[in-house]
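Q: File upload_13.cif below, mmCIF, C-alpha atoms:
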```
data_protein
loop_
_atom_site.group_PDB
_atom_site.id
_atom_site.type_symbol
_atom_site.label_atom_id
_atom_site.label_comp_id
_atom_site.auth_asym_id
_atom_site.auth_seq_id
_atom_site.Cartn_x
_atom_site.Cartn_y
_atom_site.Cartn_z
ATOM 1 C CA MET H 20 -83.958 32.907 194.157
ATOM 2 C CA ASP H 21 -81.577 30.463 192.488
ATOM 3 C CA ALA H 22 -78.066 31.814 192.471
ATOM 4 C CA ALA H 23 -75.342 30.255 190.321
ATOM 5 C CA LYS H 24 -72.791 31.410 192.861
ATOM 6 C CA VAL H 25 -72.700 32.967 196.322
ATOM 7 C CA LEU H 26 -69.978 35.506 197.094
ATOM 8 C CA ASP H 27 -69.129 36.049 200.745
ATOM 9 C CA ALA H 28 -67.783 39.611 201.003
ATOM 10 C CA LYS H 29 -68.608 39.980 204.685
ATOM 11 C CA GLY H 30 -66.032 41.910 206.701
ATOM 12 C CA LEU H 31 -64.504 43.514 203.625
ATOM 13 C CA ALA H 32 -64.209 47.285 203.329
ATOM 14 C CA CYS H 33 -64.617 49.495 200.275
ATOM 15 C CA PRO H 34 -63.659 48.953 197.465
ATOM 16 C CA MET H 35 -63.232 45.200 197.981
ATOM 17 C CA PRO H 36 -66.921 44.170 197.780
ATOM 18 C CA ILE H 37 -67.266 45.529 194.260
ATOM 19 C CA VAL H 38 -63.832 44.316 193.165
ATOM 20 C CA LYS H 39 -64.682 40.794 194.375
ATOM 21 C CA THR H 40 -68.127 41.045 192.785
ATOM 22 C CA LYS H 41 -66.596 41.997 189.459
ATOM 23 C CA LYS H 42 -64.231 39.023 189.615
ATOM 24 C CA ALA H 43 -66.996 36.614 190.617
ATOM 25 C CA MET H 44 -69.182 37.937 187.820
ATOM 26 C CA GLU H 45 -66.499 37.181 185.231
ATOM 27 C CA GLU H 46 -66.811 33.476 186.016
ATOM 28 C CA LEU H 47 -70.555 33.383 185.381
ATOM 29 C CA ASN H 48 -72.540 33.004 182.180
ATOM 30 C CA ILE H 49 -74.970 35.594 180.852
ATOM 31 C CA GLY H 50 -78.289 35.289 182.668
ATOM 32 C CA ASP H 51 -76.727 33.673 185.756
ATOM 33 C CA VAL H 52 -77.474 35.206 189.142
ATOM 34 C CA LEU H 53 -74.756 36.081 191.643
ATOM 35 C CA GLU H 54 -75.703 36.365 195.298
ATOM 36 C CA VAL H 55 -73.461 38.714 197.293
ATOM 37 C CA HIS H 56 -73.277 38.989 201.080
ATOM 38 C CA ALA H 57 -71.616 42.094 202.537
ATOM 39 C CA THR H 58 -71.339 43.949 205.809
ATOM 40 C CA ASP H 59 -69.784 47.166 204.453
ATOM 41 C CA LYS H 60 -72.582 49.696 204.939
ATOM 42 C CA GLY H 61 -71.450 51.525 201.816
ATOM 43 C CA ALA H 62 -72.111 48.405 199.765
ATOM 44 C CA LYS H 63 -75.830 49.138 199.678
ATOM 45 C CA SER H 64 -75.403 52.121 197.392
ATOM 46 C CA ASP H 65 -72.089 50.957 195.899
ATOM 47 C CA LEU H 66 -73.324 47.636 194.571
ATOM 48 C CA ALA H 67 -76.470 49.285 193.212
ATOM 49 C CA ALA H 68 -74.289 51.872 191.451
ATOM 50 C CA TRP H 69 -71.895 49.183 190.241
ATOM 51 C CA THR H 70 -74.623 47.057 188.677
ATOM 52 C CA LYS H 71 -75.926 50.155 186.928
ATOM 53 C CA SER H 72 -72.557 51.244 185.569
ATOM 54 C CA SER H 73 -71.529 47.752 184.513
ATOM 55 C CA GLY H 74 -74.846 47.037 182.826
ATOM 56 C CA HIS H 75 -75.962 44.109 184.999
ATOM 57 C CA GLU H 76 -79.326 43.897 186.748
ATOM 58 C CA LEU H 77 -79.875 44.160 190.482
ATOM 59 C CA LEU H 78 -82.845 41.859 190.988
ATOM 60 C CA LYS H 79 -83.237 42.245 194.719
ATOM 61 C CA ASP H 80 -81.470 43.343 197.855
ATOM 62 C CA THR H 81 -82.205 42.704 201.513
ATOM 63 C CA GLU H 82 -80.756 43.584 204.887
ATOM 64 C CA GLU H 83 -80.952 41.342 207.924
ATOM 65 C CA ASP H 84 -78.813 41.318 211.055
ATOM 66 C CA ASP H 85 -76.368 43.815 209.511
ATOM 67 C CA VAL H 86 -75.773 41.570 206.527
ATOM 68 C CA LEU H 87 -76.642 43.071 203.170
ATOM 69 C CA LYS H 88 -77.591 40.611 200.455
ATOM 70 C CA PHE H 89 -77.785 41.299 196.754
ATOM 71 C CA TRP H 90 -78.912 39.250 193.786
ATOM 72 C CA ILE H 91 -77.352 40.410 190.544
ATOM 73 C CA LYS H 92 -78.163 39.005 187.108
ATOM 74 C CA LYS H 93 -75.339 38.990 184.601
ATOM 75 C CA ALA H 94 -76.063 40.892 181.399
ATOM 76 C CA MET K 24 -68.819 52.389 182.669
ATOM 77 C CA ALA K 25 -67.362 50.654 179.672
ATOM 78 C CA ASN K 26 -66.208 53.353 177.227
ATOM 79 C CA THR K 27 -65.410 55.628 180.150
ATOM 80 C CA LYS K 28 -61.894 56.903 180.635
ATOM 81 C CA VAL K 29 -60.598 58.080 184.005
ATOM 82 C CA ALA K 30 -57.398 60.121 184.406
ATOM 83 C CA VAL K 31 -55.952 60.555 187.892
ATOM 84 C CA ILE K 32 -53.056 62.652 189.170
ATOM 85 C CA ALA K 33 -51.486 61.415 192.425
ATOM 86 C CA ALA K 34 -49.299 64.182 193.822
ATOM 87 C CA ASN K 35 -49.190 63.373 197.530
ATOM 88 C CA GLY K 36 -47.591 60.575 199.474
ATOM 89 C CA SER K 37 -49.330 59.813 202.769
ATOM 90 C CA LEU K 38 -51.365 56.704 203.518
ATOM 91 C CA PHE K 39 -54.551 58.766 203.233
ATOM 92 C CA ASP K 40 -53.557 59.901 199.751
ATOM 93 C CA ALA K 41 -52.812 56.320 198.727
ATOM 94 C CA TYR K 42 -56.292 55.166 199.752
ATOM 95 C CA LYS K 43 -57.960 58.074 197.964
ATOM 96 C CA VAL K 44 -56.116 57.262 194.753
ATOM 97 C CA PHE K 45 -56.281 53.466 194.763
ATOM 98 C CA ASN K 46 -59.852 53.141 196.046
ATOM 99 C CA ILE K 47 -61.217 55.390 193.318
ATOM 100 C CA ALA K 48 -58.991 53.758 190.693
ATOM 101 C CA SER K 49 -60.012 50.206 191.718
ATOM 102 C CA ALA K 50 -63.691 51.126 191.864
ATOM 103 C CA ALA K 51 -63.490 52.682 188.414
ATOM 104 C CA ALA K 52 -61.577 49.721 186.972
ATOM 105 C CA ALA K 53 -64.021 47.270 188.569
ATOM 106 C CA SER K 54 -66.789 49.193 186.809
ATOM 107 C CA ASP K 55 -65.055 48.547 183.468
ATOM 108 C CA ALA K 56 -63.624 52.043 183.037
ATOM 109 C CA GLU K 57 -60.180 52.567 181.531
ATOM 110 C CA VAL K 58 -58.000 54.048 184.292
ATOM 111 C CA GLY K 59 -54.614 55.756 184.202
ATOM 112 C CA ILE K 60 -52.765 57.337 187.135
ATOM 113 C CA PHE K 61 -49.920 59.825 186.833
ATOM 114 C CA PHE K 62 -47.677 59.767 189.919
ATOM 115 C CA THR K 63 -45.729 62.932 190.538
ATOM 116 C CA PHE K 64 -43.701 64.419 193.415
ATOM 117 C CA GLU K 65 -44.670 62.790 196.733
ATOM 118 C CA GLY K 66 -47.205 60.737 194.807
ATOM 119 C CA LEU K 67 -44.285 58.597 193.614
ATOM 120 C CA ASN K 68 -44.180 57.067 197.111
ATOM 121 C CA LEU K 69 -47.423 55.283 196.246
ATOM 122 C CA ILE K 70 -45.659 53.108 193.678
ATOM 123 C CA HIS K 71 -42.132 53.066 195.139
ATOM 124 C CA LYS K 72 -41.066 49.449 195.673
ATOM 125 C CA GLU K 73 -40.405 49.852 199.390
ATOM 126 C CA ALA K 74 -42.188 53.074 200.363
ATOM 127 C CA HIS K 75 -45.672 51.964 199.249
ATOM 128 C CA LYS K 76 -45.612 49.125 201.799
ATOM 129 C CA ASP K 77 -45.206 51.478 204.732
ATOM 130 C CA LEU K 78 -46.690 54.870 203.955
ATOM 131 C CA PRO K 79 -46.886 57.383 206.794
ATOM 132 C CA LEU K 80 -50.137 58.682 208.233
ATOM 133 C CA PRO K 81 -50.405 62.472 207.993
ATOM 134 C CA GLU K 82 -48.818 64.297 210.914
ATOM 135 C CA GLY K 83 -51.165 64.416 213.885
ATOM 136 C CA LYS K 84 -53.394 61.673 212.428
ATOM 137 C CA GLU K 85 -51.397 58.702 213.687
ATOM 138 C CA HIS K 86 -54.310 57.633 215.880
ATOM 139 C CA PHE K 87 -56.210 56.536 212.765
ATOM 140 C CA GLN K 88 -53.903 53.496 212.536
ATOM 141 C CA GLU K 89 -56.261 51.575 214.793
ATOM 142 C CA GLY K 90 -59.289 52.586 212.727
ATOM 143 C CA PHE K 91 -57.729 51.178 209.558
ATOM 144 C CA LYS K 92 -57.282 47.842 211.289
ATOM 145 C CA GLN K 93 -60.764 47.777 212.739
ATOM 146 C CA ALA K 94 -62.419 48.660 209.452
ATOM 147 C CA ASN K 95 -60.505 45.788 207.812
ATOM 148 C CA VAL K 96 -59.327 48.071 205.035
ATOM 149 C CA PRO K 97 -57.153 46.299 202.445
ATOM 150 C CA SER K 98 -53.444 47.118 202.475
ATOM 151 C CA ILE K 99 -52.001 49.441 199.843
ATOM 152 C CA GLU K 100 -49.953 46.520 198.504
ATOM 153 C CA GLU K 101 -53.172 44.620 197.992
ATOM 154 C CA LEU K 102 -54.863 47.569 196.272
ATOM 155 C CA VAL K 103 -51.873 48.122 193.989
ATOM 156 C CA SER K 104 -51.798 44.506 192.875
ATOM 157 C CA MET K 105 -55.557 44.562 192.260
ATOM 158 C CA ALA K 106 -55.256 47.764 190.271
ATOM 159 C CA LYS K 107 -52.552 46.159 188.151
ATOM 160 C CA GLU K 108 -54.639 43.032 187.684
ATOM 161 C CA MET K 109 -57.461 45.217 186.382
ATOM 162 C CA ASN K 110 -55.076 46.879 183.911
ATOM 163 C CA VAL K 111 -54.876 50.281 185.576
ATOM 164 C CA LYS K 112 -52.105 52.175 183.817
ATOM 165 C CA LEU K 113 -49.473 53.495 186.265
ATOM 166 C CA ILE K 114 -47.288 56.310 184.972
ATOM 167 C CA GLY K 115 -44.323 57.635 186.957
ATOM 168 C CA CYS K 116 -43.276 61.226 186.337
ATOM 169 C CA GLN K 117 -39.825 61.277 184.739
ATOM 170 C CA MET K 118 -38.988 64.799 185.854
ATOM 171 C CA THR K 119 -39.729 64.092 189.522
ATOM 172 C CA MET K 120 -37.786 60.840 189.312
ATOM 173 C CA ASP K 121 -34.783 62.796 188.012
ATOM 174 C CA VAL K 122 -35.108 65.366 190.795
ATOM 175 C CA MET K 123 -35.326 62.616 193.419
ATOM 176 C CA ASN K 124 -32.631 60.551 191.746
ATOM 177 C CA LEU K 125 -34.890 57.537 191.254
ATOM 178 C CA GLU K 126 -34.769 54.944 188.484
ATOM 179 C CA LYS K 127 -37.572 52.848 187.020
ATOM 180 C CA GLU K 128 -36.117 49.876 188.935
ATOM 181 C CA ASP K 129 -36.921 51.639 192.223
ATOM 182 C CA PHE K 130 -40.612 51.188 191.500
ATOM 183 C CA ILE K 131 -43.041 48.294 191.458
ATOM 184 C CA GLU K 132 -43.166 46.130 188.331
ATOM 185 C CA GLY K 133 -45.203 47.223 185.389
ATOM 186 C CA ILE K 134 -45.117 50.992 185.612
ATOM 187 C CA GLU K 135 -44.592 53.255 182.656
ATOM 188 C CA VAL K 136 -42.439 56.336 182.879
ATOM 189 C CA GLY K 137 -43.348 59.541 181.123
ATOM 190 C CA GLY K 138 -43.586 63.283 181.323
ATOM 191 C CA ALA K 139 -46.414 65.765 181.526
ATOM 192 C CA ALA K 140 -47.086 65.417 177.817
ATOM 193 C CA THR K 141 -47.547 61.657 178.217
ATOM 194 C CA PHE K 142 -50.249 62.273 180.788
ATOM 195 C CA MET K 143 -51.885 65.010 178.708
ATOM 196 C CA GLU K 144 -52.034 62.685 175.726
ATOM 197 C CA TYR K 145 -53.714 60.049 177.890
ATOM 198 C CA ALA K 146 -56.061 62.511 179.630
ATOM 199 C CA LYS K 147 -57.140 64.596 176.645
ATOM 200 C CA ASP K 148 -60.230 62.504 175.976
ATOM 201 C CA ALA K 149 -60.877 61.382 179.562
ATOM 202 C CA ASN K 150 -64.446 61.562 180.842
ATOM 203 C CA ILE K 151 -63.372 61.952 184.437
ATOM 204 C CA THR K 152 -60.218 63.690 185.640
ATOM 205 C CA LEU K 153 -59.228 63.661 189.298
ATOM 206 C CA SER K 154 -56.326 65.083 191.230
ATOM 207 C CA PHE K 155 -55.207 63.918 194.657
#
```
What is this structure when it is put down as structure tokens?
A:
Amino acid sequence: MDAAKVLDAKGLACPMPIVKTKKAMEELNIGDVLEVHATDKGAKSDLAAWTKSSGHELLKDTEEDDVLKFWIKKA
Amino acid sequence: MANTKVAVIAANGSLFDAYKVFNIASAAAASDAEVGIFFTFEGLNLIHKEAHKDLPLPEGKEHFQEGFKQANVPSIEELVSMAKEMNVKLIGCQMTMDVMNLEKEDFIEGIEVGGAATFMEYAKDANITLSF
């Protein structure tokens, strides 16, 4: 998936992954995809909840070697 | 969560309380909610210029210090500046400040000072109200 930007939020604890994601999202254009990498286990449900409450679209998420990856499309 | 208003009362002053308040406030603000926090009694420590940099762990819970480091939790200073950046409204309680002999200058930049009625006016149409 082509991401306009990749955000490395690995090693960050709640609530930093979503705060950083929000900031990164502000720099993108509508329709752009942000790829987020996180190791906070809470991020799996938090980023899904955040995309829902902020109106963006979670296209896909994966988990490999304890790294959670998310692809979020800006609305 | 645009068009959502969150009203928080922070009435306690340990490090645990600070994380409860600022994590919820930052998460709400990052989700585009409007957030206001009313700091009263020990809660004033959370925005006191010096005190917020070195808040105590609750008695008997000092051993959690290590856990905070290991979990790479952001510092309260960091959370406060992020909250401010995201336009979280910080209101210090005038009455408690008078009791504790504190002035607005004793607190971090950018706070408002008001009484219970100020908070009620803010909170009257809040969608979410929390007290810590």
Q: Which distance in Å separates CA of Thr81 in chain H and CA of Ala52 in chain K, to one decimal?
A: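 Answer for the CA of Thr81 in chain H to CA of Ala52 in chain K separation: 26.2 Å.
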Q: Please find the residues of chain H near chain K - the criterion being any atom within 7 Å, counting all atoms listed in the file - and write them as a PyMOL selection string.
A: chain H and resi 30-32+34+37-38+41+69+72-73
Q: Find the spatial neighbours of Glu82 in chain K, counting all atoms listed in the file, within a cut-off of 12 Å - ignore same-chain residues fewer than 6 positions away - and output them as JSON, numbers by chain.
A: {"K": [37, 38, 39]}
Q: CA of Leu26 in chain H to CA of Glu54 in chain H: how many Å, to one decimal?
A: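 Here the two named atoms are 6.1 Å from each other.
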Q: Give me, as a PDB file with C-alpha atoms, in the frame of the given file, all polymer residues having an atom no more than 12 Å from Ala140 in chain K, counting all atoms listed in the file and skipping those fewer than 3 positions away in the same chain.
A:
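Below is the file that was written, selection37.pdb:
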```pdb
ATOM      1  CA  PHE K  61     -49.920  59.825 186.833  1.00  0.00           C
ATOM      2  CA  ILE K 114     -47.288  56.310 184.972  1.00  0.00           C
ATOM      3  CA  CYS K 116     -43.276  61.226 186.337  1.00  0.00           C
ATOM      4  CA  GLN K 117     -39.825  61.277 184.739  1.00  0.00           C
ATOM      5  CA  MET K 118     -38.988  64.799 185.854  1.00  0.00           C
ATOM      6  CA  VAL K 136     -42.439  56.336 182.879  1.00  0.00           C
ATOM      7  CA  GLY K 137     -43.348  59.541 181.123  1.00  0.00           C
ATOM      8  CA  MET K 143     -51.885  65.010 178.708  1.00  0.00           C
ATOM      9  CA  GLU K 144     -52.034  62.685 175.726  1.00  0.00           C
ATOM     10  CA  TYR K 145     -53.714  60.049 177.890  1.00  0.00           C
ATOM     11  CA  ALA K 146     -56.061  62.511 179.630  1.00  0.00           C
ATOM     12  CA  LYS K 147     -57.140  64.596 176.645  1.00  0.00           C
TER      13      LYS K 147
END
```
Q: Report the distance between CA of Lys112 in chain K and CA of Thr152 in chain K in Å, rounded to one decimal place.
A: 14.2 Å
Q: Would you kindly translate the PyMOL selection byres ((chain H and resi 64) around 12) into the concrete residues it picks from this file, as a PyMOL selection string?
A: chain H and resi 33+36-37+57+59-63+65-71+77+80+87+89
Q: Excluding Phe64 in chain K and residues on its chain fewer than 5 positions from it, collect all residues at most 9 Å away from it, counting all atoms listed in the file, and give them as an NGL selection string.
A: :K and (33-36 or 116 or 118-120 or 123)
Q: My list of candidates is K:Glu57, K:Glu135, K:Asp40, K:Glu126. Which is closest to Asn150 in chain K when distances are computed with all atoms listed in the file?
A: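 Comparing K:Glu57, K:Glu135, K:Asp40, K:Glu126 against Asn150 in chain K, the winner is K:Glu57.
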Q: Tell me which residues the PyMOL selection byres ((chain K and resi 74) around 12) grabs here, as a list in words.
A: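 Output from the PyMOL selection byres ((chain K and resi 74) around 12), applied to this file: Gly36, Ser37, Leu38, Ala41, Glu65, Gly66, Leu67, Asn68, Leu69, Ile70, His71, Lys72, Glu73, His75, Lys76, Asp77, Leu78, Pro79, Ile99, Glu100, Asp129, Phe130 and Ile131 of chain K.
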Q: Provide an axis-aligned box for all listed atoms of range 85-92 of chain H, padding each side by 3 Å; report its centre and its edge lengths in Å to one decimal, as lines of an AutoDock Vina configuration file.
A:
```
center_x = -77.3
center_y = 41.4
center_z = 198.3
size_x = 9.1
size_y = 10.8
size_z = 28.4
```
Q: Given the file shown, determine the residues that the PyMOL selection byres ((chain H and resi 21) around 12) selects; report them as an mmCIF file with C-alpha atoms, in the coordinates of the input.
A:
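As written to disk, selection-v7.cif reads:
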```
data_model
loop_
_atom_site.group_PDB
_atom_site.id
_atom_site.type_symbol
_atom_site.label_atom_id
_atom_site.label_comp_id
_atom_site.auth_asym_id
_atom_site.auth_seq_id
_atom_site.Cartn_x
_atom_site.Cartn_y
_atom_site.Cartn_z
ATOM 1 C CA MET H 20 -83.958 32.907 194.157
ATOM 2 C CA ALA H 22 -78.066 31.814 192.471
ATOM 3 C CA ALA H 23 -75.342 30.255 190.321
ATOM 4 C CA LYS H 24 -72.791 31.410 192.861
ATOM 5 C CA VAL H 25 -72.700 32.967 196.322
ATOM 6 C CA GLY H 50 -78.289 35.289 182.668
ATOM 7 C CA ASP H 51 -76.727 33.673 185.756
ATOM 8 C CA VAL H 52 -77.474 35.206 189.142
ATOM 9 C CA LEU H 53 -74.756 36.081 191.643
ATOM 10 C CA GLU H 54 -75.703 36.365 195.298
ATOM 11 C CA LEU H 78 -82.845 41.859 190.988
ATOM 12 C CA TRP H 90 -78.912 39.250 193.786
ATOM 13 C CA ILE H 91 -77.352 40.410 190.544
ATOM 14 C CA LYS H 92 -78.163 39.005 187.108
#
```
Q: Using only C-alpha atoms, which of the listed residues (K:Ser154, K:Ser104, K:Thr63, K:Asn124) sits closest to Val31 in chain K?
A: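 Selected residue with least distance to Val31 in chain K: K:Ser154.
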